[in-house]
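Just work03.txt here, compact mmCIF, C-alpha atoms:
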```txt
# COMPACT_ATOMS: atom_id res chain seq x y z
CA MET A 1 0.00 0.00 0.00
CA LYS A 2 2.71 2.42 1.01
CA THR A 3 4.98 1.40 -1.88
CA LYS A 4 2.11 1.94 -4.28
CA LYS A 5 1.64 5.48 -3.05
CA TRP A 6 5.35 6.25 -3.41
CA ILE A 7 5.40 4.89 -6.96
CA LYS A 8 2.40 7.10 -7.73
CA ILE A 9 4.16 10.17 -6.29
CA ILE A 10 7.35 9.47 -8.24
CA LEU A 11 5.50 8.85 -11.53
CA GLN A 12 3.49 12.04 -11.08
CA ILE A 13 6.62 14.08 -10.35
CA ILE A 14 8.21 12.64 -13.50
CA ALA A 15 5.07 13.61 -15.45
CA ILE A 16 5.17 17.18 -14.08
CA SER A 17 8.90 17.40 -14.88
CA LEU A 18 8.28 16.19 -18.45
CA PHE A 19 5.53 18.79 -18.79
CA TYR A 20 8.02 21.41 -17.58
CA GLU A 21 10.66 20.23 -20.08
CA GLY A 22 8.05 20.35 -22.85
CA ILE A 23 7.11 23.95 -21.99
CA ARG A 24 10.80 24.86 -21.77
CA TRP A 25 11.37 23.40 -25.22
CA VAL A 26 8.44 25.33 -26.75
CA VAL A 27 9.48 28.58 -24.98
CA GLY A 28 13.00 28.17 -26.38
CA LEU A 29 11.77 27.29 -29.85
CA LEU A 30 9.33 30.20 -30.18
CA GLU A 31 11.56 32.57 -28.14
CA ILE A 32 8.63 33.48 -25.86
CA PRO A 33 9.82 36.17 -23.42
CA PHE A 34 8.22 34.55 -20.37
CA PRO A 35 9.76 32.21 -17.77
CA PRO A 36 8.81 28.61 -18.63
CA ASN A 37 7.94 27.67 -15.05
CA VAL A 38 5.40 30.50 -14.67
CA LEU A 39 3.96 29.87 -18.13
CA GLY A 40 3.70 26.17 -17.31
CA MET A 41 1.82 26.99 -14.12
CA VAL A 42 -0.71 29.15 -15.99
CA ILE A 43 -1.24 26.51 -18.69
CA LEU A 44 -1.62 23.72 -16.14
CA PHE A 45 -4.11 25.85 -14.19
CA PHE A 46 -6.34 26.15 -17.28
CA LEU A 47 -5.99 22.44 -18.08
CA LEU A 48 -7.07 21.59 -14.53
CA VAL A 49 -9.93 24.09 -14.32
CA THR A 50 -11.40 23.05 -17.67
CA GLY A 51 -11.13 19.41 -16.60
CA ILE A 52 -8.88 18.41 -19.52
CA ILE A 53 -6.52 17.03 -16.87
CA PRO A 54 -8.27 15.77 -13.71
CA ILE A 55 -6.63 17.10 -10.54
CA SER A 56 -6.37 13.54 -9.19
CA TRP A 57 -3.84 12.64 -11.92
CA ILE A 58 -1.17 14.87 -10.44
CA SER A 59 -2.38 15.83 -6.96
CA ASP A 60 -0.16 13.44 -4.95
CA GLY A 61 2.99 14.39 -6.84
CA SER A 62 2.29 18.12 -6.72
CA ASP A 63 1.39 18.05 -3.03
CA PHE A 64 4.70 16.32 -2.38
CA LEU A 65 6.64 18.88 -4.44
CA LEU A 66 4.94 21.81 -2.70
CA LYS A 67 5.34 20.32 0.76
CA TYR A 68 9.09 19.90 0.31
CA MET A 69 9.62 22.94 -1.95
CA PRO A 70 11.67 24.79 0.72
CA ILE A 71 14.50 22.23 0.41
CA LEU A 72 14.95 23.26 -3.24
CA PHE A 73 16.11 26.72 -2.12
CA VAL A 74 18.67 25.48 0.38
CA PRO A 75 21.52 25.44 -2.21
CA PHE A 76 20.75 29.09 -3.02
CA GLY A 77 20.72 29.95 0.67
CA VAL A 78 24.06 28.18 1.14
CA ALA A 79 25.47 30.14 -1.82
CA MET A 80 24.77 33.30 0.21
CA MET A 81 27.99 32.50 2.09
CA ASN A 82 29.85 33.92 -0.93
CA TYR A 83 27.97 37.21 -0.54
CA TRP A 84 28.54 37.67 3.16
CA ASN A 85 30.60 40.86 2.68
CA THR A 86 27.98 42.52 0.48
CA ILE A 87 25.27 41.84 3.05
CA LYS A 88 27.36 42.80 6.05
CA SER A 89 28.48 46.13 4.63
CA SER A 90 24.89 47.34 4.29
CA GLY A 91 23.38 45.44 7.20
CA ILE A 92 21.26 48.11 8.92
CA PRO A 93 19.95 49.91 5.80
CA LEU A 94 19.15 46.53 4.28
CA PHE A 95 17.15 45.52 7.33
CA LEU A 96 15.29 48.85 7.20
CA VAL A 97 14.53 48.39 3.50
CA LEU A 98 13.15 44.89 4.08
CA THR A 99 10.96 46.03 6.97
CA MET A 100 9.73 49.28 5.41
CA SER A 101 8.84 47.75 2.06
CA SER A 102 7.01 44.85 3.72
CA PHE A 103 4.91 47.34 5.74
CA LEU A 104 4.18 49.25 2.56
CA VAL A 105 3.13 46.23 0.50
CA ALA A 106 1.02 44.66 3.24
CA ALA A 107 -0.75 47.98 3.89
CA ALA A 108 -1.38 48.73 0.20
CA THR A 109 -2.75 45.25 -0.55
CA GLY A 110 -4.77 45.03 2.64
CA TYR A 111 -6.37 48.48 2.39
CA CYS A 112 -7.22 48.12 -1.30
CA ALA A 113 -8.80 44.71 -0.76
CA ARG A 114 -10.70 45.95 2.30
CA TYR A 115 -11.96 49.04 0.45
CA TRP A 116 -13.11 46.94 -2.52
CA GLN A 117 -14.76 44.33 -0.37
CA GLN A 118 -16.65 46.99 1.64
CA ARG A 119 -17.84 48.71 -1.53
CA LYS A 120 -19.02 45.41 -2.92
CA ASN A 121 -20.86 44.58 0.28
CA LYS A 122 -22.58 47.99 0.20
CA GLU A 123 -23.64 47.48 -3.44
CA GLU A 124 -25.10 44.10 -2.64
CA ASN A 125 -26.96 45.54 0.33
CA SER A 126 -28.38 48.42 -1.72
CA GLU A 127 -29.52 45.96 -4.38
CA VAL A 128 -31.36 44.03 -1.74
CA SER A 129 -33.02 47.17 -0.35
CA ALA A 130 -33.96 48.40 -3.86
CA TYR A 131 -35.63 45.08 -4.42
CA ALA A 132 -37.41 45.43 -1.11
CA ASP A 133 -38.72 48.85 -2.17
CA HIS A 134 -40.39 47.32 -5.23
CA ILE A 135 -42.27 44.90 -3.10
CA MET B 1 37.38 14.53 6.84
CA PRO B 2 34.99 11.57 6.59
CA ILE B 3 35.78 9.78 3.34
CA ILE B 4 32.14 9.50 2.31
CA PHE B 5 31.84 13.29 2.04
CA SER B 6 35.10 13.93 0.21
CA THR B 7 34.80 11.46 -2.64
CA GLN B 8 31.16 11.68 -3.52
CA ILE B 9 30.16 13.89 -6.42
CA PHE B 10 26.69 13.74 -4.95
CA LEU B 11 28.04 15.36 -1.80
CA GLY B 12 25.88 18.47 -2.27
CA ALA B 13 22.63 16.62 -2.84
CA PHE B 14 23.28 14.09 -0.10
CA LEU B 15 24.35 16.69 2.46
CA THR B 16 21.33 18.89 1.71
CA LEU B 17 18.86 16.01 2.00
CA PHE B 18 20.48 14.74 5.16
CA VAL B 19 20.62 18.09 6.96
CA TYR B 20 17.11 19.09 5.85
CA GLY B 21 15.75 15.71 6.86
CA PHE B 22 17.39 15.98 10.25
CA TYR B 23 15.87 19.42 10.92
CA SER B 24 12.50 18.24 9.63
CA LEU B 25 12.46 15.56 12.30
CA ILE B 26 13.25 18.16 14.95
CA HIS B 27 10.58 20.44 13.52
CA LEU B 28 8.05 17.61 13.66
CA LYS B 29 8.76 17.27 17.38
CA THR B 30 8.84 20.97 18.32
CA LYS B 31 6.24 22.27 15.80
CA SER B 32 7.74 25.70 16.44
CA VAL B 33 8.24 28.37 13.77
CA TRP B 34 11.74 28.84 15.16
CA THR B 35 12.85 25.43 13.90
CA ASN B 36 12.06 26.06 10.23
CA PRO B 37 14.10 23.32 8.48
CA MET B 38 14.91 25.46 5.44
CA VAL B 39 16.30 28.38 7.44
CA LEU B 40 18.28 26.13 9.78
CA SER B 41 19.75 24.19 6.81
CA MET B 42 20.76 27.42 5.08
CA LEU B 43 22.56 28.54 8.22
CA SER B 44 24.26 25.31 9.20
CA ILE B 45 25.43 23.85 5.85
CA PRO B 46 27.85 26.78 5.22
CA LEU B 47 29.25 26.28 8.73
CA PHE B 48 29.72 22.58 8.03
CA LEU B 49 31.41 23.27 4.70
CA MET B 50 33.79 25.74 6.33
CA ALA B 51 34.54 23.44 9.23
CA GLN B 52 35.30 20.55 6.88
CA ASP B 53 37.16 22.83 4.47
CA ILE B 54 34.94 21.89 1.52
CA SER B 55 34.69 24.52 -1.19
CA PHE B 56 31.31 25.87 -2.16
CA GLU B 57 31.97 24.86 -5.78
CA LYS B 58 32.25 21.24 -4.72
CA TYR B 59 28.97 21.42 -2.81
CA GLU B 60 27.28 23.11 -5.75
CA ILE B 61 27.86 20.19 -8.17
CA GLY B 62 25.53 17.88 -6.31
CA ALA B 63 23.22 20.60 -5.04
CA GLY B 64 22.30 21.43 -8.65
CA LEU B 65 20.37 18.14 -8.74
CA ILE B 66 18.09 19.52 -6.06
CA SER B 67 17.66 23.00 -7.55
CA TYR B 68 16.48 21.43 -10.81
CA PHE B 69 13.09 20.68 -9.26
CA ILE B 70 12.34 24.38 -8.71
CA GLY B 71 10.85 24.41 -12.23
CA PRO B 72 8.42 21.51 -11.74
CA ALA B 73 7.54 22.73 -8.23
CA THR B 74 6.49 26.13 -9.60
CA ILE B 75 4.22 24.37 -12.07
CA ALA B 76 2.72 22.41 -9.18
CA LEU B 77 1.49 25.73 -7.68
CA ALA B 78 -1.33 25.48 -10.23
CA VAL B 79 -2.90 22.62 -8.25
CA PRO B 80 -3.83 24.51 -5.04
CA MET B 81 -5.06 27.36 -7.21
CA ALA B 82 -7.29 25.03 -9.23
CA ARG B 83 -8.60 23.44 -6.02
CA GLN B 84 -9.64 26.87 -4.78
CA PHE B 85 -11.25 27.83 -8.08
CA GLN B 86 -14.70 28.29 -6.50
CA LEU B 87 -13.29 30.72 -3.98
CA LEU B 88 -11.33 32.49 -6.71
CA LYS B 89 -14.54 33.00 -8.71
CA GLN B 90 -16.56 34.06 -5.68
CA TYR B 91 -14.16 36.85 -4.69
CA ALA B 92 -12.70 37.40 -8.17
CA SER B 93 -12.82 41.20 -8.28
CA THR B 94 -11.47 41.72 -4.77
CA ILE B 95 -8.69 39.20 -5.29
CA LEU B 96 -7.65 40.58 -8.68
CA PHE B 97 -7.82 44.20 -7.52
CA GLY B 98 -5.90 43.59 -4.28
CA ILE B 99 -3.21 41.47 -5.91
CA THR B 100 -2.70 43.75 -8.91
CA VAL B 101 -2.31 46.87 -6.75
CA GLY B 102 -0.15 44.90 -4.31
CA SER B 103 2.14 43.60 -7.05
CA PHE B 104 2.67 47.08 -8.52
CA VAL B 105 3.31 48.63 -5.10
CA ALA B 106 5.69 45.79 -4.23
CA PHE B 107 7.75 45.93 -7.41
CA ILE B 108 8.07 49.74 -7.47
CA GLY B 109 8.04 50.23 -3.69
CA ASN B 110 10.79 47.68 -2.95
CA PHE B 111 12.93 49.33 -5.61
CA LEU B 112 12.34 52.85 -4.29
CA CYS B 113 12.91 51.92 -0.63
CA ALA B 114 16.24 50.37 -1.56
CA LEU B 115 17.15 53.35 -3.73
CA ILE B 116 16.28 55.94 -1.07
CA LEU B 117 18.26 54.17 1.64
CA GLY B 118 21.25 54.06 -0.69
CA LEU B 119 21.82 50.32 -1.05
CA PRO B 120 24.43 49.25 -3.61
CA LYS B 121 23.09 48.46 -7.07
CA GLU B 122 23.30 44.66 -6.78
CA LEU B 123 21.25 44.75 -3.57
CA ILE B 124 18.64 47.10 -5.10
CA LEU B 125 18.16 44.59 -7.91
CA ALA B 126 17.92 41.73 -5.41
CA VAL B 127 15.36 43.54 -3.23
CA THR B 128 13.05 44.56 -6.11
CA PRO B 129 11.43 41.12 -6.74
CA LYS B 130 11.55 40.07 -3.08
CA SER B 131 7.80 40.02 -2.46
CA VAL B 132 7.23 37.18 -4.93
CA THR B 133 7.58 33.48 -4.16
CA THR B 134 11.21 32.29 -4.54
CA PRO B 135 11.02 30.26 -7.80
CA ILE B 136 9.36 33.18 -9.60
CA ALA B 137 11.58 35.81 -7.92
CA ILE B 138 14.60 33.95 -9.33
CA GLU B 139 13.14 34.22 -12.85
CA ILE B 140 12.40 37.93 -12.40
CA ALA B 141 15.97 38.43 -11.16
CA HIS B 142 17.16 37.02 -14.49
CA VAL B 143 14.88 39.43 -16.36
CA ILE B 144 16.03 42.60 -14.55
CA GLY B 145 19.68 41.55 -14.37
CA GLY B 146 19.78 40.80 -10.63
CA ASP B 147 21.65 38.01 -8.91
CA PRO B 148 19.44 34.93 -8.25
CA VAL B 149 21.33 33.97 -5.09
CA LEU B 150 21.08 37.40 -3.45
CA THR B 151 17.42 37.55 -4.52
CA THR B 152 16.73 34.23 -2.79
CA GLY B 153 18.32 35.64 0.35
CA MET B 154 16.05 38.69 0.27
CA VAL B 155 12.94 36.57 -0.34
CA VAL B 156 13.76 34.30 2.57
CA ALA B 157 14.50 37.26 4.86
CA THR B 158 11.14 38.80 3.88
CA GLY B 159 9.37 35.53 4.64
CA ILE B 160 10.98 35.38 8.08
CA LEU B 161 9.93 38.97 8.81
CA GLY B 162 6.40 38.04 7.77
CA MET B 163 6.42 35.01 10.02
CA LEU B 164 7.41 37.24 12.95
CA MET B 165 5.15 40.22 12.42
CA ALA B 166 2.45 39.61 9.77
CA ARG B 167 -0.47 39.07 12.13
CA SER B 168 0.20 41.89 14.58
CA LEU B 169 1.06 44.24 11.70
CA LEU B 170 -2.28 43.66 9.96
CA THR B 171 -4.20 43.95 13.23
CA TRP B 172 -2.40 47.22 13.90
CA PHE B 173 -3.40 48.46 10.42
CA ARG B 174 -7.00 47.41 11.26
CA ILE B 175 -7.22 45.12 8.27
CA ASP B 176 -9.60 42.66 9.83
CA ASP B 177 -11.62 40.73 7.27
CA PRO B 178 -10.20 37.30 6.41
CA ILE B 179 -10.01 37.98 2.66
CA SER B 180 -7.98 41.18 2.89
CA ARG B 181 -5.73 39.65 5.53
CA GLY B 182 -5.10 36.58 3.38
CA LEU B 183 -4.32 38.72 0.34
CA ALA B 184 -1.98 41.03 2.24
CA MET B 185 -0.06 38.13 3.75
CA GLY B 186 0.19 36.25 0.47
CA VAL B 187 1.33 39.24 -1.56
CA SER B 188 3.85 40.65 0.89
CA PHE B 189 5.22 37.61 2.70
CA HIS B 190 4.73 34.49 0.51
CA ALA B 191 5.38 30.92 1.61
CA ILE B 192 7.12 31.23 4.98
CA GLY B 193 4.83 34.08 5.99
CA ILE B 194 1.58 32.38 5.15
CA VAL B 195 2.14 29.80 7.86
CA ARG B 196 0.51 32.59 9.86
CA ALA B 197 -2.37 32.94 7.42
CA ARG B 198 -3.16 29.23 7.80
CA GLU B 199 -3.27 29.68 11.57
CA GLU B 200 -6.07 32.22 11.14
CA GLY B 201 -8.39 29.82 9.41
CA GLU B 202 -9.21 28.04 6.20
CA LEU B 203 -10.45 31.06 4.22
CA THR B 204 -7.43 33.26 5.03
CA GLY B 205 -5.04 30.37 4.29
CA ALA B 206 -6.68 29.50 0.98
CA ILE B 207 -6.77 33.14 -0.18
CA SER B 208 -3.09 33.41 0.74
CA SER B 209 -2.08 30.43 -1.36
CA ILE B 210 -4.05 31.76 -4.33
CA SER B 211 -2.39 35.16 -3.99
CA ILE B 212 1.14 33.69 -3.92
CA ALA B 213 0.69 32.13 -7.35
CA LEU B 214 -1.30 35.02 -8.81
CA ALA B 215 1.05 37.74 -7.53
CA GLY B 216 3.88 35.77 -9.12
CA VAL B 217 2.17 35.72 -12.51
CA ILE B 218 1.23 39.42 -12.38
CA THR B 219 4.72 40.48 -11.31
CA THR B 220 6.26 38.38 -14.10
CA ILE B 221 4.08 40.29 -16.56
CA ILE B 222 4.71 43.80 -15.17
CA ALA B 223 8.44 43.43 -14.42
CA PRO B 224 9.72 43.61 -18.03
CA LEU B 225 7.26 46.46 -18.76
CA LEU B 226 8.14 48.66 -15.77
CA PHE B 227 11.81 47.92 -15.33
CA PRO B 228 13.12 49.68 -18.46
CA PHE B 229 11.76 52.94 -16.97
CA MET B 230 12.91 52.27 -13.38
CA LYS B 231 16.40 51.48 -14.64
CA TYR B 232 17.11 55.18 -15.27
CA TRP B 233 16.98 55.96 -11.55
CA LEU B 234 19.77 53.55 -10.74
```
Would you kindly transcribe this structure into structure tokens?
Amino acid sequence: MKTKKWIKIILQIIAISLFYEGIRWVVGLLEIPFPPNVLGMVILFFLLVTGIIPISWISDGSDFLLKYMPILFVPFGVAMMNYWNTIKSSGIPLFLVLTMSSFLVAAATGYCARYWQQRKNKEENSEVSAYADHI
Amino acid sequence: MPIIFSTQIFLGAFLTLFVYGFYSLIHLKTKSVWTNPMVLSMLSIPLFLMAQDISFEKYEIGAGLISYFIGPATIALAVPMARQFQLLKQYASTILFGITVGSFVAFIGNFLCALILGLPKELILAVTPKSVTTPIAIEIAHVIGGDPVLTTGMVVATGILGMLMARSLLTWFRIDDPISRGLAMGVSFHAIGIVRAREEGELTGAISSISIALAGVITTIIAPLLFPFMKYWL
């Protein structure tokens, strides 16, 4: 039972990787100025939503990839050791930049979404009351 | 030096898997955000390499096997988004509006913050795509001429900040509905940060995972359009 599940996960990861290689090949061939991994994600999303590919065909493999995705970035993080001097020499300003910009982005996204959601709620409410008036 | 580490060309891959696996076991026991296996591996592998006098280049050969899967893993982000398709449709306008504004503010705002505080050019370029999930930030770094490694560092640092302060920050800003909170956390803090979004409930968590993928796509589209103009300020 357990072996079967592992085989399924491995086969699905191979399928996703082949899909990625296919997209990469097409992107290279047609010289599309878009990263193949992002393009592949958009295409797969449409294939899944339209039901051309059932989610169950790749769900175990993709859940596995997403669950362990952080390990894929470890080599990049380790490579940071070569940049230690760059980071150290602008330590405090860099920390300020990271904090400030995160505040900014969270506030902008949050306020815009909240504003939009409130407006939408108001519209829906006024539609309901207009309908009530007719009665 | 243990012979197994010095002769293997798979040293990088093996070491990464071993160290990450070890910290994952600890994380499973503690369940604390402070024992994040990725962050601990990133900190301790360089120390190990230095202690054993192994060059980074040697580590990199095997580690490339692991990095390869970044491509397929990005594609896999489509699955959670497709699972939440109902939710995406239900709140379509709010989600699209919030994420589009957020992605613009992030891309331009990160750049300007770094510029104003006088960071060196290579750090400005690394900070600019930092609000996007790592695999996509690496691609955007290629587009704008930034360094993928430094960019990864900035993305991870942003995620850690988000993990520490996302919830109190949003409460302080009085952003209180679950949709706006989920969007804000997803757009500004991505994967490490949205651990917090999941803690708040299913709706906030789901909206966050949608916004990670969507903000990545939108930023990939706007980056090559905006950057040629931003470049002049450098």
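Of the residues under consideration (A:Ser56, A:Gln12, A:Thr86, A:Asn125), A:Thr86 shows the shortest atom-to-atom contact distance to Leu123 (chain B) when counting only C-alpha atoms.
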Which residues of chain B come within 7 Å of chain A, and what is each one's closest atom pair and distance in Å (one decimal), counting all atoms listed in the file, sorted by chain and residue number, as a tab-separated table?
```
residue	atom	partner	partner_atom	distance
B:Tyr20	CA	A:Ile71	CA	6.8
B:Met38	CA	A:Pro70	CA	5.8
B:Ser41	CA	A:Val74	CA	6.6
B:Met42	CA	A:Gly77	CA	5.1
B:Ile45	CA	A:Val78	CA	6.5
B:Pro46	CA	A:Val78	CA	5.7
B:Ala63	CA	A:Pro75	CA	5.9
B:Ile66	CA	A:Leu72	CA	5.6
B:Ser67	CA	A:Leu72	CA	5.1
B:Phe69	CA	A:Leu72	CA	6.8
B:Ile70	CA	A:Leu72	CA	6.2
B:Gly71	CA	A:Asn37	CA	5.2
B:Pro72	CA	A:Ser17	CA	5.2
B:Ala73	CA	A:Leu65	CA	5.5
B:Thr74	CA	A:Asn37	CA	5.8
B:Ile75	CA	A:Met41	CA	4.1
B:Ala76	CA	A:Ser62	CA	5.0
B:Leu77	CA	A:Met41	CA	6.6
B:Ala78	CA	A:Phe45	CA	4.9
B:Val79	CA	A:Phe45	CA	6.9
B:Ala82	CA	A:Val49	CA	5.8
B:Thr94	CA	A:Ala113	CA	5.7
B:Phe97	CA	A:Ala113	CA	6.8
B:Gly98	CA	A:Ala113	CA	4.7
B:Ile99	CA	A:Thr109	CA	6.6
B:Val101	CA	A:Thr109	CA	6.4
B:Gly102	CA	A:Thr109	CA	4.6
B:Val105	CA	A:Val105	CA	6.1
B:Ala106	CA	A:Val105	CA	5.4
B:Gly109	CA	A:Ser101	CA	6.3
B:Asn110	CA	A:Ser101	CA	5.4
B:Cys113	CA	A:Val97	CA	5.7
B:Ala114	CA	A:Val97	CA	5.7
B:Leu117	CA	A:Pro93	CA	6.2
B:Leu119	CA	A:Ser90	CA	6.8
B:Ile136	CA	A:Val38	CA	7.0
B:Glu139	CA	A:Pro35	CA	6.3
B:Val149	CA	A:Phe76	CA	5.3
B:Leu150	CA	A:Met80	CA	6.6
B:Thr152	CA	A:Phe76	CA	6.5
B:Gly153	CA	A:Gly77	CA	6.2
B:Thr158	CA	A:Leu98	CA	6.4
B:Ile175	CA	A:Gly110	CA	6.1
B:Ser180	CA	A:Gly110	CA	5.0
B:Arg181	CA	A:Gly110	CA	6.2
B:Leu183	CA	A:Gly110	CA	6.7
B:Ala184	CA	A:Ala106	CA	4.8
B:Met185	CA	A:Ala106	CA	6.6
B:Ser188	CA	A:Ala106	CA	5.4
B:Val217	CA	A:Val38	CA	6.5
```
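For region 199-211 of chain B, the non-local neighbours within 6 Å, defined as residues at least 3 positions apart in the same chain or in other chains and counting all atoms listed in the file, are Met81, Pro178, Ile179, Gly182, Leu183, Gly186, Arg196, Leu214 and Ala215 of chain B.
Atom pair CA of Arg83 (chain B) / CA of Leu25 (chain B) has a distance of 29.0 Å (rounded to one decimal).
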- Query: How far is it from CA of Ile116 (chain B) to CA of Trp233 (chain B), in Å with one decimal?
  - Reply: 10.5 Å
Find the residues with any atom within 9 Å of (17.1, 49.9, -12.9); use all atoms listed in the file and the coordinates as given in the file, and write the answer as a PDB file with C-alpha atoms, in the frame of the given file.
```
ATOM      1  CA  PHE B 111      12.930  49.330  -5.610  1.00  0.00           C
ATOM      2  CA  LYS B 121      23.090  48.460  -7.070  1.00  0.00           C
ATOM      3  CA  ILE B 124      18.640  47.100  -5.100  1.00  0.00           C
ATOM      4  CA  LEU B 125      18.160  44.590  -7.910  1.00  0.00           C
ATOM      5  CA  ILE B 144      16.030  42.600 -14.550  1.00  0.00           C
ATOM      6  CA  GLY B 145      19.680  41.550 -14.370  1.00  0.00           C
ATOM      7  CA  PHE B 227      11.810  47.920 -15.330  1.00  0.00           C
ATOM      8  CA  PRO B 228      13.120  49.680 -18.460  1.00  0.00           C
ATOM      9  CA  PHE B 229      11.760  52.940 -16.970  1.00  0.00           C
ATOM     10  CA  MET B 230      12.910  52.270 -13.380  1.00  0.00           C
ATOM     11  CA  LYS B 231      16.400  51.480 -14.640  1.00  0.00           C
ATOM     12  CA  TYR B 232      17.110  55.180 -15.270  1.00  0.00           C
ATOM     13  CA  TRP B 233      16.980  55.960 -11.550  1.00  0.00           C
ATOM     14  CA  LEU B 234      19.770  53.550 -10.740  1.00  0.00           C
TER      15      LEU B 234
END
```
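Nearest residue to Phe18 (chain B) among B:Ser168, B:Ser44, B:Thr30, B:Thr128 is B:Ser44, counting all atoms listed in the file.
One distance worth recording is that between CA of Leu11 (chain B) and CA of Glu60 (chain B), which is 8.7 Å.
Considering all atoms listed in the file, the residue among B:Leu164, B:Ile61, B:Ile138, B:Leu17 positioned nearest to Pro37 (chain B) is B:Leu17.
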